[in-house]
file my_file-v7.txt (compact mmCIF, C-alpha atoms)
# COMPACT_ATOMS: atom_id res chain seq x y z
CA MET A 168 -2.74 -23.15 -20.20
CA ALA A 169 -0.43 -26.11 -20.81
CA ASP A 170 2.67 -26.08 -18.62
CA LEU A 171 5.87 -25.15 -20.52
CA GLU A 172 3.97 -24.53 -23.74
CA LYS A 173 6.29 -22.79 -26.19
CA TRP A 174 5.38 -19.46 -27.80
CA ASP A 175 7.10 -17.17 -30.24
CA LEU A 176 5.96 -14.15 -28.28
CA VAL A 177 4.70 -13.81 -24.72
CA VAL A 178 3.26 -10.40 -23.84
CA ILE A 179 3.00 -9.62 -20.13
CA GLY A 180 0.06 -7.28 -19.55
CA ALA A 181 -3.13 -6.59 -21.50
CA GLY A 182 -3.28 -2.82 -21.31
CA PRO A 183 -3.17 -0.71 -24.50
CA ALA A 184 0.53 -1.49 -25.00
CA GLY A 185 0.11 -5.21 -24.43
CA LEU A 186 -3.01 -5.60 -26.56
CA THR A 187 -1.41 -3.65 -29.39
CA ALA A 188 1.71 -5.82 -29.13
CA GLY A 189 -0.53 -8.89 -29.26
CA LEU A 190 -2.30 -7.54 -32.35
CA TYR A 191 0.93 -6.75 -34.20
CA GLY A 192 2.63 -9.96 -33.08
CA ALA A 193 -0.26 -12.09 -34.32
CA ARG A 194 -0.42 -10.19 -37.61
CA ALA A 195 3.28 -10.90 -38.06
CA ARG A 196 2.35 -14.60 -37.82
CA LEU A 197 4.05 -15.09 -34.49
CA ALA A 198 2.43 -17.52 -32.07
CA THR A 199 1.41 -14.88 -29.53
CA VAL A 200 -0.11 -15.06 -26.06
CA VAL A 201 -1.03 -12.08 -23.88
CA LEU A 202 -1.06 -12.63 -20.11
CA GLU A 203 -3.22 -10.49 -17.82
CA LYS A 204 -3.88 -10.87 -14.10
CA ALA A 205 -6.98 -8.65 -13.93
CA LEU A 206 -9.17 -6.90 -16.50
CA PRO A 207 -7.99 -6.48 -20.11
CA GLY A 208 -7.35 -2.81 -20.75
CA GLY A 209 -5.19 -2.02 -17.74
CA GLN A 210 -5.75 1.50 -16.43
CA ILE A 211 -8.19 2.40 -19.20
CA ALA A 212 -10.57 -0.33 -18.00
CA THR A 213 -11.16 1.83 -14.90
CA THR A 214 -11.49 5.13 -16.78
CA ASN A 215 -14.99 6.33 -17.50
CA GLU A 216 -14.61 8.74 -20.42
CA ILE A 217 -11.80 9.09 -22.94
CA GLU A 218 -11.83 12.09 -25.26
CA ASN A 219 -8.25 12.19 -26.55
CA TYR A 220 -7.89 8.89 -28.39
CA PRO A 221 -7.87 9.50 -32.16
CA GLY A 222 -10.94 8.30 -34.00
CA TYR A 223 -13.28 8.60 -31.02
CA ARG A 224 -14.83 11.89 -30.01
CA SER A 225 -15.71 10.17 -26.75
CA ILE A 226 -15.56 6.54 -25.65
CA THR A 227 -15.60 4.79 -22.30
CA GLY A 228 -12.44 3.08 -21.13
CA PRO A 229 -14.06 -0.38 -20.81
CA GLU A 230 -15.50 -0.11 -24.34
CA LEU A 231 -12.15 0.88 -25.86
CA ALA A 232 -10.41 -1.93 -23.95
CA GLU A 233 -12.95 -4.46 -25.21
CA ARG A 234 -12.50 -3.33 -28.81
CA MET A 235 -8.72 -3.65 -28.49
CA ARG A 236 -9.08 -7.13 -27.01
CA GLU A 237 -11.49 -8.29 -29.72
CA GLN A 238 -9.22 -6.99 -32.48
CA ALA A 239 -6.11 -8.70 -31.07
CA GLU A 240 -7.93 -12.01 -30.66
CA ALA A 241 -9.49 -11.75 -34.12
CA GLN A 242 -5.96 -11.59 -35.56
CA GLY A 243 -4.93 -14.74 -33.68
CA ALA A 244 -3.48 -13.53 -30.39
CA ARG A 245 -4.50 -15.60 -27.38
CA LEU A 246 -5.45 -13.97 -24.08
CA GLU A 247 -4.80 -15.90 -20.87
CA MET A 248 -5.88 -14.70 -17.44
CA ALA A 249 -2.93 -15.36 -15.15
CA GLU A 250 -0.60 -13.32 -12.96
CA VAL A 251 3.06 -13.41 -13.91
CA THR A 252 5.19 -14.24 -10.88
CA GLY A 253 8.65 -14.45 -12.41
CA LEU A 254 10.82 -14.41 -15.51
CA ASP A 255 13.74 -16.85 -15.80
CA LEU A 256 16.16 -15.82 -18.52
CA ALA A 257 17.80 -18.18 -21.01
CA VAL A 258 16.68 -21.45 -19.43
CA GLU A 259 17.22 -23.18 -22.79
CA THR A 260 18.53 -22.30 -26.24
CA GLU A 261 16.96 -22.85 -29.63
CA ASP A 262 18.63 -22.05 -32.94
CA GLY A 263 21.29 -20.13 -31.06
CA ARG A 264 18.77 -17.90 -29.26
CA PRO A 265 17.73 -18.11 -25.62
CA LEU A 266 14.35 -19.34 -24.50
CA HIS A 267 12.92 -17.54 -21.48
CA ARG A 268 10.59 -19.10 -18.94
CA VAL A 269 7.61 -16.98 -17.86
CA ARG A 270 6.21 -18.21 -14.55
CA THR A 271 2.56 -17.53 -13.76
CA THR A 272 -0.10 -18.51 -11.26
CA ALA A 273 -1.47 -20.91 -13.89
CA GLY A 274 1.82 -22.57 -14.86
CA SER A 275 4.93 -21.68 -16.86
CA LEU A 276 5.50 -20.82 -20.51
CA LEU A 277 8.57 -20.85 -22.72
CA ALA A 278 9.05 -17.75 -24.84
CA ARG A 279 11.32 -17.03 -27.76
CA ALA A 280 10.64 -13.34 -27.12
CA VAL A 281 8.99 -11.47 -24.23
CA ILE A 282 7.37 -8.05 -24.18
CA VAL A 283 7.00 -6.60 -20.69
CA ALA A 284 3.88 -4.41 -20.78
CA SER A 285 2.83 -4.91 -17.17
CA GLY A 286 2.07 -1.23 -16.59
CA SER A 287 1.62 0.18 -13.12
CA GLU A 288 -0.72 0.29 -10.14
CA PRO A 289 -2.08 3.31 -8.25
CA ARG A 290 0.33 4.91 -5.81
CA ARG A 291 -0.87 4.89 -2.21
CA LEU A 292 -1.04 8.01 -0.08
CA GLY A 293 0.77 6.21 2.73
CA VAL A 294 -1.18 7.97 5.49
CA PRO A 295 -2.90 6.62 8.62
CA GLY A 296 -6.34 5.21 7.92
CA GLU A 297 -5.74 4.48 4.24
CA GLU A 298 -5.23 0.73 4.40
CA ARG A 299 -7.67 0.23 7.29
CA LEU A 300 -10.46 1.96 5.36
CA ARG A 301 -9.64 0.62 1.94
CA GLY A 302 -12.91 -0.65 0.49
CA LYS A 303 -14.76 1.26 3.22
CA GLY A 304 -14.67 4.63 1.51
CA VAL A 305 -11.09 4.59 0.21
CA SER A 306 -11.08 3.65 -3.47
CA TYR A 307 -8.64 3.89 -6.36
CA CYS A 308 -11.28 3.48 -9.07
CA ALA A 309 -14.05 6.05 -9.41
CA THR A 310 -15.55 4.21 -12.36
CA CYS A 311 -15.79 1.01 -10.32
CA ASP A 312 -17.09 2.48 -7.08
CA GLY A 313 -18.62 5.87 -7.87
CA ALA A 314 -22.19 4.64 -7.65
CA PHE A 315 -21.66 3.78 -3.96
CA PHE A 316 -21.29 7.49 -3.16
CA GLN A 317 -24.71 8.76 -4.20
CA ASP A 318 -25.42 12.15 -2.56
CA ARG A 319 -22.23 11.99 -0.48
CA GLU A 320 -19.19 14.24 -0.17
CA VAL A 321 -15.94 12.83 -1.52
CA VAL A 322 -12.33 13.91 -1.82
CA VAL A 323 -10.14 13.35 -4.86
CA VAL A 324 -6.40 13.69 -4.24
CA GLY A 325 -4.18 14.75 -7.11
CA GLY A 326 -3.70 17.36 -9.82
CA GLY A 327 -3.20 15.36 -13.01
CA ASP A 328 -5.48 14.13 -15.77
CA SER A 329 -6.76 11.15 -13.80
CA ALA A 330 -7.76 13.26 -10.81
CA PHE A 331 -9.78 15.61 -13.00
CA GLN A 332 -11.30 12.94 -15.23
CA GLU A 333 -12.42 10.81 -12.33
CA GLY A 334 -13.39 13.79 -10.18
CA THR A 335 -15.70 15.00 -12.94
CA PHE A 336 -17.12 11.49 -13.30
CA LEU A 337 -17.88 11.34 -9.57
CA THR A 338 -20.19 14.36 -9.85
CA ARG A 339 -22.72 12.01 -11.43
CA TYR A 340 -23.23 10.55 -7.96
CA ALA A 341 -21.66 12.66 -5.23
CA LYS A 342 -23.25 15.89 -4.06
CA LYS A 343 -19.80 17.46 -3.65
CA VAL A 344 -16.32 16.58 -4.96
CA THR A 345 -13.30 18.32 -3.44
CA ILE A 346 -10.04 18.07 -5.39
CA VAL A 347 -7.04 18.37 -3.06
CA HIS A 348 -3.64 19.15 -4.59
CA ARG A 349 -0.31 19.85 -2.97
CA ARG A 350 0.64 22.57 -5.46
CA GLY A 351 -1.00 25.77 -6.56
CA GLU A 352 -1.16 24.77 -10.22
CA PHE A 353 -2.53 21.61 -11.77
CA ARG A 354 -0.72 19.26 -14.14
CA ALA A 355 -3.92 18.17 -15.88
CA GLN A 356 -4.73 19.24 -19.41
CA PRO A 357 -6.23 22.75 -19.45
CA ALA A 358 -9.44 21.47 -21.05
CA LEU A 359 -10.00 19.10 -18.13
CA VAL A 360 -9.29 21.81 -15.59
CA GLU A 361 -11.66 24.26 -17.28
CA LYS A 362 -14.42 21.63 -17.41
CA ALA A 363 -14.03 20.93 -13.70
CA ARG A 364 -13.99 24.62 -12.76
CA ARG A 365 -17.32 25.08 -14.52
CA ASP A 366 -18.92 22.28 -12.51
CA PRO A 367 -20.74 23.64 -9.44
CA LYS A 368 -20.29 20.34 -7.63
CA ILE A 369 -16.49 20.54 -7.69
CA ALA A 370 -14.44 22.50 -5.13
CA PHE A 371 -10.66 22.91 -4.93
CA ILE A 372 -8.16 22.98 -2.07
CA THR A 373 -4.60 23.67 -3.18
CA HIS A 374 -1.27 23.78 -1.36
CA ALA A 375 -2.53 20.97 0.86
CA VAL A 376 -1.90 17.28 1.47
CA VAL A 377 -3.92 14.57 3.20
CA GLU A 378 -2.42 13.84 6.62
CA GLU A 379 -4.91 11.21 7.78
CA ILE A 380 -8.13 9.52 6.71
CA LEU A 381 -10.56 9.46 9.62
CA GLY A 382 -13.39 7.14 10.47
CA ASP A 383 -14.33 4.12 12.52
CA ARG A 384 -16.01 1.61 10.24
CA ARG A 385 -16.11 3.89 7.17
CA VAL A 386 -14.47 7.09 5.98
CA GLU A 387 -15.94 10.08 7.81
CA ALA A 388 -13.43 12.89 7.23
CA VAL A 389 -9.88 13.71 6.13
CA ARG A 390 -7.28 15.74 7.99
CA LEU A 391 -5.43 18.14 5.68
CA ARG A 392 -2.16 20.02 6.16
CA ASP A 393 -1.21 23.25 4.44
CA VAL A 394 2.25 22.68 2.92
CA ARG A 395 3.13 26.36 3.31
CA ASP A 396 2.51 26.99 7.00
CA GLY A 397 1.83 23.54 8.46
CA ARG A 398 -1.71 24.40 9.55
CA THR A 399 -4.00 21.36 9.81
CA TRP A 400 -7.78 21.08 9.62
CA GLN A 401 -10.50 18.54 8.87
CA ILE A 402 -13.13 18.42 6.15
CA PRO A 403 -16.05 15.97 6.02
CA ALA A 404 -15.84 13.19 3.44
CA GLU A 405 -17.36 9.76 3.01
CA GLY A 406 -15.07 8.79 0.17
CA VAL A 407 -11.40 9.32 -0.70
CA PHE A 408 -10.04 8.70 -4.21
CA PRO A 409 -6.23 9.07 -4.51
CA TYR A 410 -4.87 9.83 -7.98
CA ILE A 411 -1.24 10.71 -7.25
CA GLY A 412 0.54 8.64 -9.86
CA HIS A 413 1.40 5.01 -10.34
CA VAL A 414 4.03 2.49 -9.26
CA PRO A 415 5.49 0.32 -12.05
CA MET A 416 4.67 -3.39 -11.84
CA SER A 417 8.18 -4.70 -12.34
CA GLY A 418 8.86 -6.63 -9.15
CA PHE A 419 8.66 -10.02 -10.88
CA LEU A 420 11.59 -9.24 -13.19
CA PRO A 421 15.13 -10.57 -12.60
CA PRO A 422 18.04 -8.19 -11.87
CA GLU A 423 19.39 -8.62 -15.40
CA VAL A 424 16.45 -6.56 -16.70
CA ARG A 425 17.70 -3.15 -15.67
CA ARG A 426 15.33 -0.68 -13.97
CA ASP A 427 15.64 2.96 -12.96
CA ALA A 428 15.24 4.38 -9.46
CA GLU A 429 11.43 4.32 -9.79
CA GLY A 430 11.39 0.68 -10.87
CA ARG A 431 10.66 1.31 -14.56
CA VAL A 432 12.36 -0.95 -17.08
CA VAL A 433 15.18 0.85 -18.86
CA ALA A 434 14.42 0.68 -22.59
CA GLY A 435 14.72 3.20 -25.39
CA GLU A 436 12.29 4.17 -28.13
CA ASP A 437 13.10 0.87 -29.84
CA THR A 438 11.77 -0.86 -26.67
CA ARG A 439 14.86 -3.07 -26.36
CA THR A 440 15.99 -3.73 -22.78
CA GLY A 441 19.53 -4.92 -23.43
CA VAL A 442 18.56 -8.52 -22.62
CA PRO A 443 18.26 -10.53 -25.85
CA GLY A 444 14.64 -11.27 -26.60
CA VAL A 445 13.19 -9.05 -23.86
CA PHE A 446 11.41 -5.79 -24.71
CA ALA A 447 9.45 -3.23 -22.68
CA ALA A 448 6.39 -1.25 -23.77
CA GLY A 449 4.01 1.27 -22.27
CA ASP A 450 4.04 2.77 -18.79
CA ILE A 451 6.54 0.20 -17.54
CA ARG A 452 9.38 2.07 -19.26
CA PRO A 453 10.58 5.65 -18.59
CA LYS A 454 8.97 8.16 -20.93
CA PRO A 455 8.04 11.86 -20.86
CA LEU A 456 4.37 11.27 -21.73
CA ARG A 457 2.17 8.40 -20.55
CA GLN A 458 -1.02 8.30 -22.58
CA ILE A 459 -3.00 5.62 -24.41
CA THR A 460 -1.51 6.84 -27.69
CA THR A 461 2.08 6.49 -26.47
CA ALA A 462 1.33 3.03 -25.04
CA VAL A 463 -0.15 1.90 -28.34
CA ALA A 464 2.91 3.22 -30.19
CA ASP A 465 5.17 1.29 -27.84
CA GLY A 466 3.16 -1.89 -28.31
CA SER A 467 3.48 -1.85 -32.09
CA THR A 468 7.18 -0.95 -31.92
CA ALA A 469 7.90 -3.73 -29.42
CA ALA A 470 6.08 -6.37 -31.46
CA MET A 471 7.95 -5.42 -34.60
CA ALA A 472 11.25 -5.31 -32.72
CA ALA A 473 10.50 -8.82 -31.42
CA GLU A 474 9.62 -10.04 -34.90
CA HIS A 475 12.85 -8.62 -36.31
CA TYR A 476 14.82 -10.17 -33.46
CA LEU A 477 13.29 -13.59 -34.14
CA THR A 478 13.84 -13.40 -37.90
CA GLY A 479 17.32 -11.92 -37.69
CA THR A 480 16.41 -8.57 -39.25
CA THR A 481 18.56 -5.84 -37.72
CA THR A 482 16.56 -2.67 -38.38
CA LEU A 483 12.94 -1.61 -38.07
CA SER A 484 11.46 -0.63 -41.41
CA TYR A 485 7.71 -0.65 -40.78

call {"tool": "encode", "arguments": {"input": "my_file-v7.txt", "output": "structure tokens"}}
result
Amino acid sequence: MADLEKWDLVVIGAGPAGLTAGLYGARARLATVVLEKALPGGQIATTNEIENYPGYRSITGPELAERMREQAEAQGARLEMAEVTGLDLAVETEDGRPLHRVRTTAGSLLARAVIVASGSEPRRLGVPGEERLRGKGVSYCATCDGAFFQDREVVVVGGGDSAFQEGTFLTRYAKKVTIVHRRGEFRAQPALVEKARRDPKIAFITHAVVEEILGDRRVEAVRLRDVRDGRTWQIPAEGVFPYIGHVPMSGFLPPEVRRDAEGRVVAGEDTRTGVPGVFAAGDIRPKPLRQITTAVADGSTAAMAAEHYLTGTTTLSY
């Protein structure tokens, strides 16, 4: 990546939102680069089975991510593997519009327009033993690490779609999967819950939270606490997989790009942030539903909003 190379559109993040933005940006004949620090696909790259993306009765996350990447690159978008470390606003002007500098671990780029699609990372439990035993039984990716837990007992923490999808996936290897949730009802889609309830390998503990992850060199057990009466007890486990939400990856952004209390970039359905030439798409912005379909919708909207911004068109008409 050439230092201070100039692009019409720089997309930060290669999840579904970012790859879709890259596809639409390239098709609009914008010189487009998509920056990604890890695996293309974002969260879906660590999801085993996807059954709610239109057009696919069932597809693995890595396969869907690879198809998105191939399609974006086939249309002319460039994918660069680099972590974005900062965004400097309006470092220069060109034709009356600001140029923004995107700083990365591989150098800096100049962008006429920027789409922030950096997504989020798994939220930590924040309990004793979690960091010490990370990689020693504590994992945030069942698809990546499930095979290491053959014939072992594992705990999945959470009550949403990810907890149930990955908990069900883990039954391929583990002899027992216990889903621990702090509430009595689950937030996951009913179809996912019903599928898990039918699986004899899956057990449920509700109204409970993980107080501590126990073990010397590897995870050996978890201490639970009943949120109703405070009672604590231990259950054996050789693996712990937290799925309790995500933290937005927005720390590299300057104060001018406004964020809410959770750190998500404030942007409406038009994906505009209020900073000229800066847009936000996908899980990085506040929204009532965070799914692949909503991320893809954001990506296309953001790319078209950027194209209209660069060409001086005031309304979206696609």

call {"tool": "closest_residue", "arguments": {"input": "my_file-v7.txt", "among": "A:Thr480, A:Ser467, A:Ser306, A:Asn215", "to": "Leu186 in chain A", "atoms": "only C-alpha atoms"}}
result
A:Ser467

call {"tool": "closest_residue", "arguments": {"input": "my_file-v7.txt", "among": "A:Leu359, A:Ile211, A:Ala448, A:Leu256", "to": "Met471 in chain A", "atoms": "all atoms listed in the file"}}
result
A:Ala448

call {"tool": "closest_atom_pairs", "arguments": {"input": "my_file-v7.txt", "of": "range 200-294 of chain A", "to": "range 413-427 of chain A", "cutoff": "10 Å", "atoms": "all atoms listed in the file", "output": "JSON lines"}}
result
{"residue": "A:Val251", "atom": "CA", "partner": "A:Phe419", "partner_atom": "CA", "distance": 7.2}
{"residue": "A:Thr252", "atom": "CA", "partner": "A:Phe419", "partner_atom": "CA", "distance": 5.5}
{"residue": "A:Gly253", "atom": "CA", "partner": "A:Phe419", "partner_atom": "CA", "distance": 4.7}
{"residue": "A:Leu254", "atom": "CA", "partner": "A:Leu420", "partner_atom": "CA", "distance": 5.7}
{"residue": "A:Asp255", "atom": "CA", "partner": "A:Pro421", "partner_atom": "CA", "distance": 7.2}
{"residue": "A:Leu256", "atom": "CA", "partner": "A:Pro421", "partner_atom": "CA", "distance": 8.0}
{"residue": "A:Val269", "atom": "CA", "partner": "A:Leu420", "partner_atom": "CA", "distance": 9.9}
{"residue": "A:Arg270", "atom": "CA", "partner": "A:Phe419", "partner_atom": "CA", "distance": 9.3}
{"residue": "A:Val283", "atom": "CA", "partner": "A:Ser417", "partner_atom": "CA", "distance": 8.6}
{"residue": "A:Ala284", "atom": "CA", "partner": "A:Met416", "partner_atom": "CA", "distance": 9.0}
{"residue": "A:Ser285", "atom": "CA", "partner": "A:Met416", "partner_atom": "CA", "distance": 5.8}
{"residue": "A:Gly286", "atom": "CA", "partner": "A:Met416", "partner_atom": "CA", "distance": 5.8}
{"residue": "A:Ser287", "atom": "CA", "partner": "A:Pro415", "partner_atom": "CA", "distance": 4.0}
{"residue": "A:Glu288", "atom": "CA", "partner": "A:His413", "partner_atom": "CA", "distance": 5.2}
{"residue": "A:Pro289", "atom": "CA", "partner": "A:His413", "partner_atom": "CA", "distance": 4.4}
{"residue": "A:Arg290", "atom": "CA", "partner": "A:His413", "partner_atom": "CA", "distance": 4.7}
{"residue": "A:Arg291", "atom": "CA", "partner": "A:His413", "partner_atom": "CA", "distance": 8.4}

call {"tool": "axis_aligned_box", "arguments": {"input": "my_file-v7.txt", "around": "range 406-422 of chain A", "padding_each_side": "5 Å", "output": "JSON"}}
result
{"center_x": 1.5, "center_y": 0.1, "center_z": -6.5, "size_x": 43.1, "size_y": 31.3, "size_z": 23.4}

call {"tool": "residues_around", "arguments": {"input": "my_file-v7.txt", "residues": "Arg354 in chain A", "least_positions_apart": "6", "cutoff": "8 Å", "atoms": "only C-alpha atoms", "output": "list of chain:residue names"}}
result
A:Gly326, A:Gly327, A:Asp328

call {"tool": "write_last_selection", "arguments": {"input": "my_file-v7.txt", "atoms": "C-alpha atoms", "output": "PDB file, in the coordinates of the input"}}
result
ATOM      1  CA  GLY A 326      -3.700  17.360  -9.820  1.00  0.00           C
ATOM      2  CA  GLY A 327      -3.200  15.360 -13.010  1.00  0.00           C
ATOM      3  CA  ASP A 328      -5.480  14.130 -15.770  1.00  0.00           C
TER       4      ASP A 328
END

call {"tool": "atom_distance", "arguments": {"input": "my_file-v7.txt", "atom1": "CA of Pro207 in chain A", "atom2": "CA of Asp312 in chain A"}}
result
18.2 Å

call {"tool": "closest_residue", "arguments": {"input": "my_file-v7.txt", "among": "A:Pro453, A:Gly444, A:Gly228, A:Pro403", "to": "Ala470 in chain A", "atoms": "only C-alpha atoms"}}
result
A:Gly444

call {"tool": "closest_residue", "arguments": {"input": "my_file-v7.txt", "among": "A:Phe331, A:Arg385, A:Val394, A:Ala469", "to": "Pro357 in chain A", "atoms": "only C-alpha atoms"}}
result
A:Phe331

call {"tool": "atom_distance", "arguments": {"input": "my_file-v7.txt", "atom1": "CA of Ala241 in chain A", "atom2": "CA of Leu190 in chain A"}}
result
8.5 Å

call {"tool": "atom_distance", "arguments": {"input": "my_file-v7.txt", "atom1": "CA of Thr310 in chain A", "atom2": "CA of Gly208 in chain A"}}
result
13.7 Å

call {"tool": "residues_near_point", "arguments": {"input": "my_file-v7.txt", "point": "(-5.8, -15.9, -14.7)", "cutoff": "6 Å", "atoms": "only C-alpha atoms", "output": "PDB file with C-alpha atoms, keeping the file's coordinate frame"}}
result
ATOM      1  CA  LYS A 204      -3.880 -10.870 -14.100  1.00  0.00           C
ATOM      2  CA  MET A 248      -5.880 -14.700 -17.440  1.00  0.00           C
ATOM      3  CA  ALA A 249      -2.930 -15.360 -15.150  1.00  0.00           C
TER       4      ALA A 249
END

call {"tool": "residues_around", "arguments": {"input": "my_file-v7.txt", "residues": "Arg439 in chain A", "least_positions_apart": "3", "cutoff": "12 Å", "atoms": "all atoms listed in the file", "output": "mmCIF file with C-alpha atoms, in the frame of the given file"}}
result
data_model
loop_
_atom_site.group_PDB
_atom_site.id
_atom_site.type_symbol
_atom_site.label_atom_id
_atom_site.label_comp_id
_atom_site.auth_asym_id
_atom_site.auth_seq_id
_atom_site.Cartn_x
_atom_site.Cartn_y
_atom_site.Cartn_z
ATOM 1 C CA ALA A 280 10.640 -13.340 -27.120
ATOM 2 C CA VAL A 281 8.990 -11.470 -24.230
ATOM 3 C CA ILE A 282 7.370 -8.050 -24.180
ATOM 4 C CA VAL A 283 7.000 -6.600 -20.690
ATOM 5 C CA VAL A 424 16.450 -6.560 -16.700
ATOM 6 C CA ARG A 425 17.700 -3.150 -15.670
ATOM 7 C CA VAL A 432 12.360 -0.950 -17.080
ATOM 8 C CA VAL A 433 15.180 0.850 -18.860
ATOM 9 C CA ALA A 434 14.420 0.680 -22.590
ATOM 10 C CA GLY A 435 14.720 3.200 -25.390
ATOM 11 C CA GLU A 436 12.290 4.170 -28.130
ATOM 12 C CA VAL A 442 18.560 -8.520 -22.620
ATOM 13 C CA PRO A 443 18.260 -10.530 -25.850
ATOM 14 C CA GLY A 444 14.640 -11.270 -26.600
ATOM 15 C CA VAL A 445 13.190 -9.050 -23.860
ATOM 16 C CA PHE A 446 11.410 -5.790 -24.710
ATOM 17 C CA ALA A 447 9.450 -3.230 -22.680
ATOM 18 C CA ALA A 448 6.390 -1.250 -23.770
ATOM 19 C CA ARG A 452 9.380 2.070 -19.260
ATOM 20 C CA ASP A 465 5.170 1.290 -27.840
ATOM 21 C CA GLY A 466 3.160 -1.890 -28.310
ATOM 22 C CA THR A 468 7.180 -0.950 -31.920
ATOM 23 C CA ALA A 469 7.900 -3.730 -29.420
ATOM 24 C CA ALA A 470 6.080 -6.370 -31.460
ATOM 25 C CA MET A 471 7.950 -5.420 -34.600
ATOM 26 C CA ALA A 472 11.250 -5.310 -32.720
ATOM 27 C CA ALA A 473 10.500 -8.820 -31.420
ATOM 28 C CA HIS A 475 12.850 -8.620 -36.310
ATOM 29 C CA TYR A 476 14.820 -10.170 -33.460
ATOM 30 C CA LEU A 483 12.940 -1.610 -38.070
#

call {"tool": "residues_around", "arguments": {"input": "my_file-v7.txt", "residues": "Arg301 in chain A", "least_positions_apart": "5", "cutoff": "10 Å", "atoms": "all atoms listed in the file", "output": "MDAnalysis selection string"}}
result
chainID A and resid 296 306:307 385:386 406:407

call {"tool": "write_last_selection", "arguments": {"input": "my_file-v7.txt", "atoms": "C-alpha atoms", "output": "compact mmCIF listing (two decimals), keeping the file's coordinate frame"}}
result
# COMPACT_ATOMS: atom_id res chain seq x y z
CA GLY A 296 -6.34 5.21 7.92
CA SER A 306 -11.08 3.65 -3.47
CA TYR A 307 -8.64 3.89 -6.36
CA ARG A 385 -16.11 3.89 7.17
CA VAL A 386 -14.47 7.09 5.98
CA GLY A 406 -15.07 8.79 0.17
CA VAL A 407 -11.40 9.32 -0.70

call {"tool": "closest_residue", "arguments": {"input": "my_file-v7.txt", "among": "A:Met168, A:Ala309, A:Ala428, A:Ile380", "to": "Gln210 in chain A", "atoms": "all atoms listed in the file"}}
result
A:Ala309

call {"tool": "closest_residue", "arguments": {"input": "my_file-v7.txt", "among": "A:Leu206, A:Val294, A:Leu277, A:Ile217", "to": "Thr260 in chain A", "atoms": "only C-alpha atoms"}}
result
A:Leu277

call {"tool": "residues_around", "arguments": {"input": "my_file-v7.txt", "residues": "range 332-346 of chain A", "least_positions_apart": "6", "cutoff": "9 Å", "atoms": "only C-alpha atoms", "output": "JSON, numbers by chain"}}
result
{"A": [214, 215, 216, 217, 308, 309, 310, 313, 314, 315, 316, 317, 318, 319, 320, 321, 322, 323, 324, 325, 326, 359, 362, 363, 366, 367, 368, 369, 370, 371, 372, 373, 404, 408, 410]}
